Each structure stands twice: as C-alpha cells, then as structure tokens.
Amino acid sequence: MVEKLGRRSSSKGTALDLIRSSGPISRVELAEMTGLTQATISTVVRGLITDGLISETGRAESTGGKPRMHLQINPGSRLSIGVHVGADHITYVVTDLAGTVVGRLRSRGPGMNSPIESVGRIATDVDRLIAGLDIDRSRIVGLGLVTPGPIDKGSGSIQNAPTLAHWTDFPLARAVSTATGLPCVFDNDATAAAIGEYWMGATSDHLTYASVYMGVGIGAGIVIDGSIYHGELSNVGELGHVTVDARGRRCPCGNVGCVELYAAPPAVVAAARTAVESGTLDMVFTGVLARDFETVATLAMAGDATALGLIDESAEYLASAIVSMVNLIDLHLIVLAGSAFSVAGSIYASTISATLAERVLARSIRGVDVRMSVNGDDAAALGAATMVLQENLSPRSLRAVTLATAP
C-alpha cells in the first residue's frame, strides 16, 4: 500500500501541489512561492523524485548563470478512486495525480437494498473497474466515499439522510474499506464537489466560495479563506433545509418550508405531474426521477412554456436560499454542480445570478460570480477521488497554493 506522504511532511505536500498546479516549475520558483529555504526545497524535491511523484523535465532558458532544471508531476504515479452513492445511481471514477479521469463506471442506485448488500456490490464494481483499466493496485492511494448528508464522519455512517434513511448508523466507511481492501476517506457529497472544483483549478481566483450541489436533494460545499469548512460535525452546507416559507409544508427533516420541498427535482417532477393532469404539459413519465426531471428540463430548454415555468420556479426558490448563504458567509463565487444542472443549468445560472445581483446586501461593493461546475455530472465522484489525493498527498488548507497560483 502507498505510504501516506502528506502525513510525513506538510512542506512536501505544499511543494507537490504547487508542482501539480503550476508545473513545469523550478526549485528556485518553488522556494519563492512557498517561502521555504533553498536547502529545504532541495531536500523535499529529492524525496518527491525518489517517491516517483515528480521528475525533472529539462532546463529552462538561461538568464545568466546555470539554467534552472524544471520539475513536473508524474500523473500516473498515484491513482485514487471516488465513489458517490446517490439515490438513483452509484458513480465510480478513477483519477490520476493530476485529477484527470482515467476511467468511470455508473451502476444503478441502492434503492431499498440493505447497506450490506450495497457494500458487496460496491466492492465488486471497484474490482471490475480496476481490472478493466488494468491498474496496478499498489499505485492506488485510497478510495473516497461520499453520500448525501447528514453524516457522522467519526463513525463513517449516514444519519437519517432522506434518500438512505434505512442506512442510518451502519458503519459504511469501515465496511467499504474492508470489502475493497483500500483505505477509505468519507464525506458529504456536496463538500467533495467543492474540493473537486479546487483541484481542477476552477476556483483559483477565489479563496472563499461555495459549490451548490443538486442531485435528488440540495447541498453546498463551502470553502472559507482557502480551507474546506466542515463545521463541528462535518454537516455544514445543508442548503436544502434552509427555510424559504415560514408557513410552508413540513419537511421530513423536521423543519418547515425547506427549499428542497420547492426547488429539488422531486418537487419539479411532482409539479409536472399536476400540469400533465391539468392538460398544460405534454410528457410521458418513466417513473425514474432523474429521467423525468431531465425530460422537464429538456422541454424547458426547448421553449415549452409550462416546463420553463417549473424550472424557473425551482431556480427562484433555490436562488432565495443562496442569497441567505451569500449574506451570511460573504461569498462572491457560487459553482453549480450535480446532475440536476446537466440540462437546464443555464436557466438556473441566469436566474440565480440575476437574483444575487438584485438582493445580496453587499452587491454595490462586489458582485457574485455564478459558474457551472467543470466536472459535470461526475462532480461528487470526482471530488471524492480528489479528496483522497488532497487528504494523502497535499496540504489540508488550500490557501497557500491558491494564493500562489491565482492570476
């Protein structure tokens, strides 16, 4: 098994991440960007080369004196696996050290299967993916496992998540680690998506941002001053349970008027059924939530007035919750991630952007940038894989690297 290099040396992790994000780069440039001494950088670089994580790739043009030797990451030297357990499907990705997807697999969701049955299937799928890609398991750093929240990160279990309520208290992370033989890092899917955006360089111009993740439910991964914010119990960012109607319906979570009741795909599909029954919308339902929501979104993008109204209403409710989050945390970047944005993401982005421009308290000082995720439908799974690399090979805080690489 690959040694956890990040635990051995934070300077090694910092240097590695800078080489990954800014390479080819010289030792002198590394010293300038990290503030470490030349002697320390020489020792760190020697260790990274010995570990096979980086290599020397040639000399830069001379500006007087001995030309500097460039350093570059060896992407294939380490691999990680990300697993996103969602309500409708389980997504697997394998990424290299650069965050490039080497392979992916998607299988049906767990449904009402027991967690024990699902863990067995996850292990089988992981073995199948590794075998199909002909990967040397010794290069795999670990497995990142992400699920909808709430979660108990300490015990590696899900706690009363609406779509996986029958998995409550099951030691999921430990069971997956045992079944696959890989060390497992466990977290919330929205938090993983936020890490993935950083790793792919999509947020390098912001130290504070949120990734709003919408699949079946709605969550948010939050980065503050360059560090992932987990909260005390790793259940930060439950944006779907922000109240947008104080006299609204009671949510299964126990709160009232939660934005998920009005904006999430189940609410949109339910409204679409009512529209079909009233004769104002023409569509055929499959009974599969993701497909039915995609049909509504496709009709909206094609200009169907009723479908467009349903998506607009969803976007308006979601925007209201995001306004509250922006005002509370002083955010100036929102990244929209998750399968629910794959078809009608442009409608959501436009509505959310316009709402923030009109209603955020500090709008006259600086606007809020709204972007689509660079990771598409795989945002949570890819975030899970990069989360493993972040945990094992790079610094826990993103601040130093972000500041050094920002334009």
# chains A, B, ... in the order shown; residues from 1 in each chain; ligands from 1
>>> residues_around(residues="A:Ala362", least_positions_apart="3", cutoff="9 Å", atoms="only C-alpha atoms", output="list in words")
Asn327, Asp330, Arg359, Ile365, Arg366 and Gly367 of chain A
>>> select_by_dssp(residues="stretch 84-292 of chain A", states="strand (DSSP E or B)", output="PyMOL selection string")
chain A and resi 84-85+89-96+101-108+140-147+151-152+157-158+184-188+209-214+218-224+227-228+243+250+256+258
>>> residues_around(residues="stretch 72-74 of chain A", least_positions_apart="2", cutoff="10 Å", atoms="only C-alpha atoms", output="number ranges by chain")
A: 16-26, 48-49, 52-58, 70, 76-78, 96-98
>>> write_last_selection(atoms="N, CA, C and O atoms", output="CSV table (one decimal), in the first residue's frame")
chain,number,residue,atom,x,y,z
A,16,LEU,N,4.4,19.6,-3.7
A,16,LEU,CA,3.8,18.7,-4.7
A,16,LEU,C,2.6,19.4,-5.3
A,16,LEU,O,2.4,19.3,-6.5
A,17,ASP,N,1.8,20.0,-4.5
A,17,ASP,CA,0.6,20.6,-5.1
A,17,ASP,C,1.0,21.8,-6.0
A,17,ASP,O,0.3,22.1,-7.0
A,18,LEU,N,2.0,22.5,-5.6
A,18,LEU,CA,2.4,23.6,-6.5
A,18,LEU,C,3.0,23.1,-7.8
A,18,LEU,O,2.8,23.7,-8.9
A,19,ILE,N,3.7,22.0,-7.8
A,19,ILE,CA,4.3,21.4,-9.0
A,19,ILE,C,3.1,20.9,-9.8
A,19,ILE,O,3.1,21.1,-11.1
A,20,ARG,N,2.1,20.3,-9.2
A,20,ARG,CA,1.0,19.8,-9.9
A,20,ARG,C,0.2,21.0,-10.6
A,20,ARG,O,-0.2,20.9,-11.8
A,21,SER,N,0.0,22.1,-9.9
A,21,SER,CA,-0.9,23.1,-10.4
A,21,SER,C,-0.1,24.1,-11.2
A,21,SER,O,-0.7,24.8,-12.1
A,22,SER,N,1.2,24.3,-11.0
A,22,SER,CA,1.9,25.3,-11.7
A,22,SER,C,3.1,24.8,-12.6
A,22,SER,O,3.7,25.6,-13.3
A,23,GLY,N,3.3,23.5,-12.6
A,23,GLY,CA,4.5,23.0,-13.3
A,23,GLY,C,4.3,23.1,-14.9
A,23,GLY,O,3.2,23.3,-15.4
A,24,PRO,N,5.5,23.0,-15.6
A,24,PRO,CA,6.8,22.8,-15.1
A,24,PRO,C,7.3,24.0,-14.3
A,24,PRO,O,7.0,25.2,-14.6
A,25,ILE,N,8.0,23.8,-13.2
A,25,ILE,CA,8.4,24.8,-12.3
A,25,ILE,C,9.8,24.5,-11.8
A,25,ILE,O,10.2,23.3,-11.6
A,26,SER,N,10.6,25.5,-11.5
A,26,SER,CA,12.0,25.3,-11.0
A,26,SER,C,12.0,25.2,-9.5
A,26,SER,O,11.1,25.7,-8.8
A,48,LEU,N,10.5,13.7,-3.3
A,48,LEU,CA,9.4,13.6,-4.3
A,48,LEU,C,9.9,12.8,-5.5
A,48,LEU,O,9.1,12.0,-6.1
A,49,ILE,N,11.1,13.0,-6.0
A,49,ILE,CA,11.7,12.3,-7.1
A,49,ILE,C,11.9,10.8,-6.7
A,49,ILE,O,11.5,9.9,-7.5
A,52,GLY,N,8.9,8.9,-6.9
A,52,GLY,CA,8.3,8.8,-8.2
A,52,GLY,C,7.2,9.7,-8.5
A,52,GLY,O,6.5,9.6,-9.5
A,53,LEU,N,6.9,10.7,-7.6
A,53,LEU,CA,5.8,11.6,-7.8
A,53,LEU,C,6.1,12.7,-8.8
A,53,LEU,O,5.1,13.2,-9.4
A,54,ILE,N,7.3,13.1,-8.9
A,54,ILE,CA,7.7,14.1,-9.9
A,54,ILE,C,9.0,13.7,-10.6
A,54,ILE,O,9.6,12.7,-10.2
A,55,SER,N,9.3,14.4,-11.7
A,55,SER,CA,10.5,14.2,-12.4
A,55,SER,C,11.1,15.5,-13.0
A,55,SER,O,10.3,16.5,-13.1
A,56,GLU,N,12.3,15.4,-13.3
A,56,GLU,CA,13.0,16.6,-13.9
A,56,GLU,C,12.7,16.5,-15.4
A,56,GLU,O,12.9,15.4,-16.0
A,57,THR,N,12.3,17.6,-16.0
A,57,THR,CA,11.9,17.6,-17.4
A,57,THR,C,12.7,18.4,-18.4
A,57,THR,O,12.3,18.7,-19.5
A,58,GLY,N,13.9,18.9,-17.9
A,58,GLY,CA,14.7,19.7,-18.8
A,58,GLY,C,15.0,21.0,-18.2
A,58,GLY,O,14.4,21.4,-17.2
A,70,HIS,N,13.7,22.2,-14.7
A,70,HIS,CA,12.3,22.2,-14.4
A,70,HIS,C,11.8,20.9,-13.8
A,70,HIS,O,12.3,19.8,-14.1
A,76,GLY,N,0.6,9.6,-13.6
A,76,GLY,CA,0.2,8.2,-13.4
A,76,GLY,C,0.9,7.5,-12.2
A,76,GLY,O,0.7,6.3,-11.9
A,77,SER,N,1.7,8.2,-11.4
A,77,SER,CA,2.4,7.6,-10.3
A,77,SER,C,1.5,7.3,-9.2
A,77,SER,O,1.8,6.4,-8.4
A,78,ARG,N,0.4,8.0,-9.0
A,78,ARG,CA,-0.6,7.7,-8.0
A,78,ARG,C,-2.0,7.8,-8.6
A,78,ARG,O,-2.2,8.7,-9.4
A,96,ASP,N,-6.0,10.2,-11.9
A,96,ASP,CA,-4.6,10.2,-11.6
A,96,ASP,C,-4.2,11.4,-10.7
A,96,ASP,O,-5.1,12.2,-10.3
A,97,LEU,N,-2.9,11.6,-10.5
A,97,LEU,CA,-2.5,12.7,-9.6
A,97,LEU,C,-2.8,14.1,-10.1
A,97,LEU,O,-2.8,15.0,-9.3
A,98,ALA,N,-3.0,14.2,-11.4
A,98,ALA,CA,-3.4,15.5,-12.0
A,98,ALA,C,-4.9,15.8,-11.9
A,98,ALA,O,-5.3,16.8,-12.3
>>> select_by_dssp(residues="stretch 1-232 of chain A", states="alpha helix (DSSP H)", output="ChimeraX atom specification")
/A:5-8,10-22,27-34,38-50,115-133,172-180,189-199
>>> residues_around(residues="A:Ser211", least_positions_apart="4", cutoff="10 Å", atoms="only C-alpha atoms", output="list in words")
Ala190, Thr191, Ala192, Ala193, Ala194, Ile195, Gly196, Glu197, Gly219, Ala220, Gly221, Ile222, Val223, Gly237, Leu333, Ile334, Val335, Leu336, Ala337, Gly338, Val370, Arg371, Met372, Ser373 and Ala379 of chain A
>>> residues_around(residues="A:Pro252", least_positions_apart="5", cutoff="12 Å", atoms="only C-alpha atoms", output="NGL selection string")
:A and (160-163 or 165 or 240-241 or 257-258 or 260-261)
>>> closest_atom_pairs(of="stretch 164-259 of chain A", to="stretch 281-297 of chain A", cutoff="12 Å", atoms="only C-alpha atoms", output="JSON lines")
{"residue": "A:Met214", "atom": "CA", "partner": "A:Ala290", "partner_atom": "CA", "distance": 11.4}
{"residue": "A:Gly215", "atom": "CA", "partner": "A:Ala290", "partner_atom": "CA", "distance": 8.3}
{"residue": "A:Val216", "atom": "CA", "partner": "A:Ala290", "partner_atom": "CA", "distance": 7.8}
{"residue": "A:Gly217", "atom": "CA", "partner": "A:Ala290", "partner_atom": "CA", "distance": 11.5}
>>> write_last_selection(atoms="N, CA and C atoms", output="PDB file, in the first residue's frame")
ATOM      1  N   MET A 214     -26.829  19.874  -6.573  1.00  0.00           N
ATOM      2  CA  MET A 214     -28.218  19.424  -6.630  1.00  0.00           C
ATOM      3  C   MET A 214     -28.313  18.141  -7.435  1.00  0.00           C
ATOM      4  N   GLY A 215     -28.708  17.070  -6.762  1.00  0.00           N
ATOM      5  CA  GLY A 215     -28.980  15.793  -7.396  1.00  0.00           C
ATOM      6  C   GLY A 215     -30.457  15.508  -7.144  1.00  0.00           C
ATOM      7  N   VAL A 216     -30.739  14.603  -6.205  1.00  0.00           N
ATOM      8  CA  VAL A 216     -32.113  14.439  -5.728  1.00  0.00           C
ATOM      9  C   VAL A 216     -32.412  15.520  -4.697  1.00  0.00           C
ATOM     10  N   GLY A 217     -31.446  15.784  -3.821  1.00  0.00           N
ATOM     11  CA  GLY A 217     -31.563  16.850  -2.834  1.00  0.00           C
ATOM     12  C   GLY A 217     -30.632  17.994  -3.170  1.00  0.00           C
TER      13      GLY A 217
END
>>> closest_residue(among="A:Ala31, A:Ala344, A:Leu361, A:Ala267", to="A:Thr14", atoms="only C-alpha atoms")
A:Ala31
>>> closest_residue(among="A:Asp225, A:Val244, A:Ala305, A:Ala270", to="A:His332", atoms="only C-alpha atoms")
A:Asp225
>>> residues_around(residues="A:Ile81", least_positions_apart="2", cutoff="12 Å", atoms="only C-alpha atoms", output="PyMOL selection string")
chain A and resi 78-79+83-84+91-97+99-105+122-123+125-127+129-130+135+137+139-146+177+180+182-185+380-389
>>> closest_residue(among="A:Ala87, A:Thr355, A:Cys251, A:Gly47", to="A:Glu316", atoms="only C-alpha atoms")
A:Thr355
>>> residues_around(residues="A:Val268", least_positions_apart="3", cutoff="9 Å", atoms="only C-alpha atoms", output="NGL selection string")
:A and (262-265 or 271-273 or 293 or 296 or 310-311 or 313-314)
>>> write_last_selection(atoms="N, CA, C and O atoms", output="PDB file, in the first residue's frame")
ATOM      1  N   TYR A 262     -39.495  22.763  -2.639  1.00  0.00           N
ATOM      2  CA  TYR A 262     -39.966  23.612  -3.733  1.00  0.00           C
ATOM      3  C   TYR A 262     -39.028  23.615  -4.936  1.00  0.00           C
ATOM      4  O   TYR A 262     -39.475  23.887  -6.060  1.00  0.00           O
ATOM      5  N   ALA A 263     -37.741  23.343  -4.716  1.00  0.00           N
ATOM      6  CA  ALA A 263     -36.760  23.512  -5.784  1.00  0.00           C
ATOM      7  C   ALA A 263     -36.123  22.221  -6.269  1.00  0.00           C
ATOM      8  O   ALA A 263     -35.632  22.166  -7.401  1.00  0.00           O
ATOM      9  N   ALA A 264     -36.065  21.189  -5.454  1.00  0.00           N
ATOM     10  CA  ALA A 264     -35.353  19.961  -5.816  1.00  0.00           C
ATOM     11  C   ALA A 264     -36.112  19.181  -6.890  1.00  0.00           C
ATOM     12  O   ALA A 264     -37.321  19.364  -7.075  1.00  0.00           O
ATOM     13  N   PRO A 265     -35.437  18.306  -7.635  1.00  0.00           N
ATOM     14  CA  PRO A 265     -36.083  17.529  -8.694  1.00  0.00           C
ATOM     15  C   PRO A 265     -37.382  16.825  -8.299  1.00  0.00           C
ATOM     16  O   PRO A 265     -38.336  16.826  -9.092  1.00  0.00           O
ATOM     17  N   ALA A 271     -44.755  18.633  -9.606  1.00  0.00           N
ATOM     18  CA  ALA A 271     -45.487  19.740 -10.227  1.00  0.00           C
ATOM     19  C   ALA A 271     -45.765  19.437 -11.694  1.00  0.00           C
ATOM     20  O   ALA A 271     -46.823  19.812 -12.232  1.00  0.00           O
ATOM     21  N   ALA A 272     -44.842  18.757 -12.353  1.00  0.00           N
ATOM     22  CA  ALA A 272     -45.040  18.380 -13.747  1.00  0.00           C
ATOM     23  C   ALA A 272     -46.197  17.395 -13.888  1.00  0.00           C
ATOM     24  O   ALA A 272     -46.990  17.469 -14.840  1.00  0.00           O
ATOM     25  N   ARG A 273     -46.328  16.463 -12.959  1.00  0.00           N
ATOM     26  CA  ARG A 273     -47.446  15.514 -12.981  1.00  0.00           C
ATOM     27  C   ARG A 273     -48.781  16.249 -12.880  1.00  0.00           C
ATOM     28  O   ARG A 273     -49.749  15.932 -13.590  1.00  0.00           O
ATOM     29  N   PHE A 293     -37.102  14.254 -14.464  1.00  0.00           N
ATOM     30  CA  PHE A 293     -36.632  15.633 -14.286  1.00  0.00           C
ATOM     31  C   PHE A 293     -35.887  16.099 -15.532  1.00  0.00           C
ATOM     32  O   PHE A 293     -36.054  17.240 -15.977  1.00  0.00           O
ATOM     33  N   VAL A 296     -38.375  17.209 -18.146  1.00  0.00           N
ATOM     34  CA  VAL A 296     -38.902  18.549 -17.881  1.00  0.00           C
ATOM     35  C   VAL A 296     -37.872  19.603 -18.259  1.00  0.00           C
ATOM     36  O   VAL A 296     -38.197  20.619 -18.905  1.00  0.00           O
ATOM     37  N   LEU A 310     -41.856  25.766 -14.605  1.00  0.00           N
ATOM     38  CA  LEU A 310     -41.495  24.880 -13.490  1.00  0.00           C
ATOM     39  C   LEU A 310     -40.020  25.000 -13.138  1.00  0.00           C
ATOM     40  O   LEU A 310     -39.648  25.051 -11.955  1.00  0.00           O
ATOM     41  N   ILE A 311     -39.156  25.042 -14.160  1.00  0.00           N
ATOM     42  CA  ILE A 311     -37.721  25.177 -13.910  1.00  0.00           C
ATOM     43  C   ILE A 311     -37.412  26.564 -13.353  1.00  0.00           C
ATOM     44  O   ILE A 311     -36.588  26.706 -12.425  1.00  0.00           O
ATOM     45  N   GLU A 313     -39.368  28.427 -11.539  1.00  0.00           N
ATOM     46  CA  GLU A 313     -39.813  28.463 -10.138  1.00  0.00           C
ATOM     47  C   GLU A 313     -38.803  27.760  -9.234  1.00  0.00           C
ATOM     48  O   GLU A 313     -38.469  28.250  -8.145  1.00  0.00           O
ATOM     49  N   SER A 314     -38.303  26.614  -9.685  1.00  0.00           N
ATOM     50  CA  SER A 314     -37.280  25.896  -8.929  1.00  0.00           C
ATOM     51  C   SER A 314     -36.046  26.773  -8.739  1.00  0.00           C
ATOM     52  O   SER A 314     -35.498  26.882  -7.624  1.00  0.00           O
TER      53      SER A 314
END
>>> closest_residue(among="A:Gly111, A:Gly35, A:Gly82, A:Gly345", to="A:His166", atoms="only C-alpha atoms")
A:Gly111
>>> decode(residues="stretch 328-343 of chain A", atoms="C-alpha atoms", output="compact mmCIF listing (two decimals), in the first residue's frame")
# COMPACT_ATOMS: atom_id res chain seq x y z
CA LEU A 328 -24.17 35.01 5.97
CA ILE A 329 -20.74 33.94 4.71
CA ASP A 330 -19.81 36.82 2.38
CA LEU A 331 -19.36 34.65 -0.70
CA HIS A 332 -18.52 36.01 -4.15
CA LEU A 333 -18.38 32.77 -6.14
CA ILE A 334 -21.11 30.13 -6.49
CA VAL A 335 -20.40 26.97 -8.52
CA LEU A 336 -23.40 24.90 -9.61
CA ALA A 337 -22.66 21.17 -9.60
CA GLY A 338 -24.62 17.96 -9.84
CA SER A 339 -26.76 16.03 -12.30
CA ALA A 340 -29.81 18.28 -11.87
CA PHE A 341 -27.96 21.10 -13.62
CA SER A 342 -26.80 18.98 -16.59
CA VAL A 343 -29.60 20.02 -18.97
